[in-house]
>>> print(open('query-v3.json').read())   # JSON, C-alpha atoms
[["chain", "number", "residue", "atom", "x", "y", "z"],
["A", 1, "MET", "CA", -24.65, 8.75, 18.64],
["A", 2, "LEU", "CA", -27.11, 8.21, 15.80],
["A", 3, "PRO", "CA", -27.41, 11.96, 15.05],
["A", 4, "VAL", "CA", -23.60, 12.17, 14.79],
["A", 5, "PHE", "CA", -23.51, 9.29, 12.31],
["A", 6, "SER", "CA", -26.32, 10.92, 10.37],
["A", 7, "LEU", "CA", -24.30, 14.14, 10.15],
["A", 8, "LEU", "CA", -21.16, 12.27, 9.06],
["A", 9, "ARG", "CA", -23.18, 10.50, 6.39],
["A", 10, "ARG", "CA", -24.37, 13.85, 5.01],
["A", 11, "LEU", "CA", -20.80, 15.15, 4.90],
["A", 12, "LYS", "CA", -19.59, 12.21, 2.81],
["A", 13, "PHE", "CA", -19.07, 14.50, -0.19],
["A", 14, "LEU", "CA", -16.10, 16.05, 1.64],
["A", 15, "ARG", "CA", -14.02, 12.87, 1.45],
["A", 16, "GLY", "CA", -10.76, 13.38, -0.36],
["A", 17, "THR", "CA", -11.02, 17.18, -0.28],
["A", 18, "LYS", "CA", -9.05, 19.66, 1.83],
["A", 19, "LEU", "CA", -11.98, 19.74, 4.24],
["A", 20, "ASP", "CA", -11.70, 16.02, 5.00],
["A", 21, "ILE", "CA", -10.48, 16.20, 8.61],
["A", 22, "PHE", "CA", -9.86, 12.45, 8.80],
["A", 23, "GLY", "CA", -7.66, 12.55, 5.69],
["A", 24, "TYR", "CA", -4.83, 14.29, 7.55],
["A", 25, "THR", "CA", -4.03, 11.40, 9.89],
["A", 26, "ALA", "CA", -0.73, 9.59, 9.47],
["A", 27, "GLU", "CA", -2.56, 6.36, 8.66],
["A", 28, "ARG", "CA", -4.52, 7.96, 5.79],
["A", 29, "ARG", "CA", -1.37, 9.63, 4.43],
["A", 30, "THR", "CA", 0.37, 6.25, 4.49],
["A", 31, "GLU", "CA", -2.54, 4.66, 2.65],
["A", 32, "ARG", "CA", -2.43, 7.33, -0.07],
["A", 33, "GLY", "CA", 1.33, 6.82, -0.37],
["A", 34, "LEU", "CA", 0.84, 3.08, -0.74],
["A", 35, "ILE", "CA", -1.47, 3.66, -3.68],
["A", 36, "ALA", "CA", 1.24, 5.59, -5.51],
["A", 37, "GLU", "CA", 3.86, 2.94, -4.66],
["A", 38, "TYR", "CA", 1.58, 0.17, -5.90],
["A", 39, "GLU", "CA", 0.86, 1.98, -9.16],
["A", 40, "ALA", "CA", 4.63, 2.36, -9.74],
["A", 41, "LEU", "CA", 5.10, -1.33, -8.97],
["A", 42, "VAL", "CA", 2.41, -2.37, -11.44],
["A", 43, "ASP", "CA", 3.94, -0.14, -14.13],
["A", 44, "GLU", "CA", 7.34, -1.74, -13.60],
["A", 45, "VAL", "CA", 5.95, -5.28, -13.52],
["A", 46, "LEU", "CA", 3.94, -4.75, -16.71],
["A", 47, "GLY", "CA", 6.98, -3.30, -18.42],
["A", 48, "ARG", "CA", 9.00, -6.47, -17.81],
["A", 49, "LEU", "CA", 6.24, -9.07, -17.95],
["A", 50, "ALA", "CA", 7.14, -12.28, -19.74],
["A", 51, "THR", "CA", 6.03, -15.89, -19.60],
["A", 52, "ASP", "CA", 8.94, -16.93, -17.38],
["A", 53, "ASN", "CA", 8.19, -14.33, -14.68],
["A", 54, "HIS", "CA", 4.39, -14.38, -14.77],
["A", 55, "ALA", "CA", 3.96, -16.25, -11.48],
["A", 56, "LEU", "CA", 6.26, -13.81, -9.68],
["A", 57, "ALA", "CA", 4.39, -10.87, -11.23],
["A", 58, "VAL", "CA", 1.08, -12.23, -9.94],
["A", 59, "GLU", "CA", 2.60, -12.65, -6.48],
["A", 60, "LEU", "CA", 3.84, -9.05, -6.55],
["A", 61, "ALA", "CA", 0.46, -7.76, -7.68],
["A", 62, "ALA", "CA", -1.26, -9.58, -4.81],
["A", 63, "LEU", "CA", 0.90, -8.03, -2.08],
["A", 64, "PRO", "CA", -1.63, -5.37, -0.98],
["A", 65, "ASP", "CA", -4.00, -8.15, 0.09],
["A", 66, "GLY", "CA", -1.71, -8.69, 3.08],
["A", 67, "ILE", "CA", -2.13, -5.15, 4.39],
["A", 68, "ARG", "CA", -5.14, -5.52, 6.64],
["A", 69, "GLY", "CA", -6.37, -4.23, 9.95],
["A", 70, "TYR", "CA", -6.26, -0.93, 11.78],
["A", 71, "GLY", "CA", -3.65, 0.83, 13.88],
["A", 72, "HIS", "CA", -0.79, -1.29, 15.15],
["A", 73, "VAL", "CA", -2.16, -4.43, 13.44],
["A", 74, "LYS", "CA", -2.03, -2.72, 10.05],
["A", 75, "ASP", "CA", 1.45, -1.35, 10.82],
["A", 76, "ALA", "CA", 2.74, -4.85, 11.59],
["A", 77, "ASN", "CA", 1.16, -6.27, 8.43],
["A", 78, "LEU", "CA", 2.59, -3.40, 6.39],
["A", 79, "GLU", "CA", 6.10, -4.13, 7.70],
["A", 80, "LYS", "CA", 5.77, -7.81, 6.69],
["A", 81, "VAL", "CA", 4.49, -6.88, 3.24],
["A", 82, "ARG", "CA", 7.30, -4.35, 2.74],
["A", 83, "ARG", "CA", 9.93, -7.03, 3.47],
["A", 84, "LYS", "CA", 8.25, -9.48, 1.10],
["A", 85, "TRP", "CA", 7.83, -6.69, -1.49],
["A", 86, "ALA", "CA", 11.58, -5.94, -1.44],
["A", 87, "ASP", "CA", 12.50, -9.62, -1.75],
["A", 88, "LEU", "CA", 10.06, -10.40, -4.57],
["A", 89, "LEU", "CA", 10.93, -7.24, -6.47],
["A", 90, "ALA", "CA", 14.64, -8.07, -6.26],
["A", 91, "ARG", "CA", 13.93, -11.54, -7.63],
["A", 92, "TYR", "CA", 11.72, -10.06, -10.34],
["A", 93, "ARG", "CA", 14.45, -7.65, -11.37],
["A", 94, "GLY", "CA", 16.89, -10.54, -11.55],
["A", 95, "GLN", "CA", 19.10, -9.55, -8.65],
["A", 96, "GLN", "CA", 20.89, -12.38, -6.91],
["A", 97, "ARG", "CA", 20.33, -11.14, -3.39],
["A", 98, "ALA", "CA", 17.49, -9.02, -2.12],
["A", 99, "GLN", "CA", 18.36, -5.64, -0.69],
["A", 100, "VAL", "CA", 15.87, -4.79, 2.02],
["A", 101, "ILE", "CA", 15.22, -1.07, 2.00],
["A", 102, "ARG", "CA", 14.01, 0.27, 5.33],
["A", 103, "MET", "CA", 11.05, 2.47, 4.59],
["A", 104, "PRO", "CA", 9.07, 4.32, 7.23],
["A", 105, "ILE", "CA", 5.81, 2.73, 8.27],
["A", 106, "ARG", "CA", 4.11, 6.09, 8.48],
["A", 107, "ALA", "CA", 4.33, 8.58, 5.65],
["A", 108, "ALA", "CA", 5.38, 12.09, 6.60]]
>>> encode(input="query-v3.json", output="structure tokens")
Amino acid sequence: MLPVFSLLRRLKFLRGTKLDIFGYTAERRTERGLIAEYEALVDEVLGRLATDNHALAVELAALPDGIRGYGHVKDANLEKVRRKWADLLARYRGQQRAQVIRMPIRAA
């Protein structure tokens, strides 16, 4: 097994390129999608940031910390974070009632 790990270590420069065979998995695509979603969230939060909603903004910004684990554990944590994300974002936007949007766990 050590020679295989040695080979993988030497191929590290391929990460994030079209030749990254592990980058095509559904889990990796979901992770890349989450980055874009989080960047959009941060842009929105910063655009509306004020002293009265600072605590809620910090809570929204900390949401990715709850997405941990691998496989089904990560999927379950992602589902919990998505529900909390929808609720907190609705409160941040000033909506009375949160509308939970069902989003797929795995990106297509």
>>> atom_distance(input="query-v3.json", atom1="CA of Arg29 in chain A", atom2="CA of Leu60 in chain A")
22.3 Å
>>> atom_distance(input="query-v3.json", atom1="CA of Ala90 in chain A", atom2="CA of Ala50 in chain A")
16.0 Å
>>> closest_residue(input="query-v3.json", among="A:Val58, A:Gly23, A:Lys84, A:Leu14", to="Val45 in chain A", atoms="all atoms listed in the file")
A:Val58
>>> atom_distance(input="query-v3.json", atom1="CA of Ala55 in chain A", atom2="CA of Leu34 in chain A")
22.3 Å
>>> closest_residue(input="query-v3.json", among="A:Tyr24, A:Tyr70, A:Phe13, A:Tyr38", to="Trp85 in chain A", atoms="all atoms listed in the file")
A:Tyr38
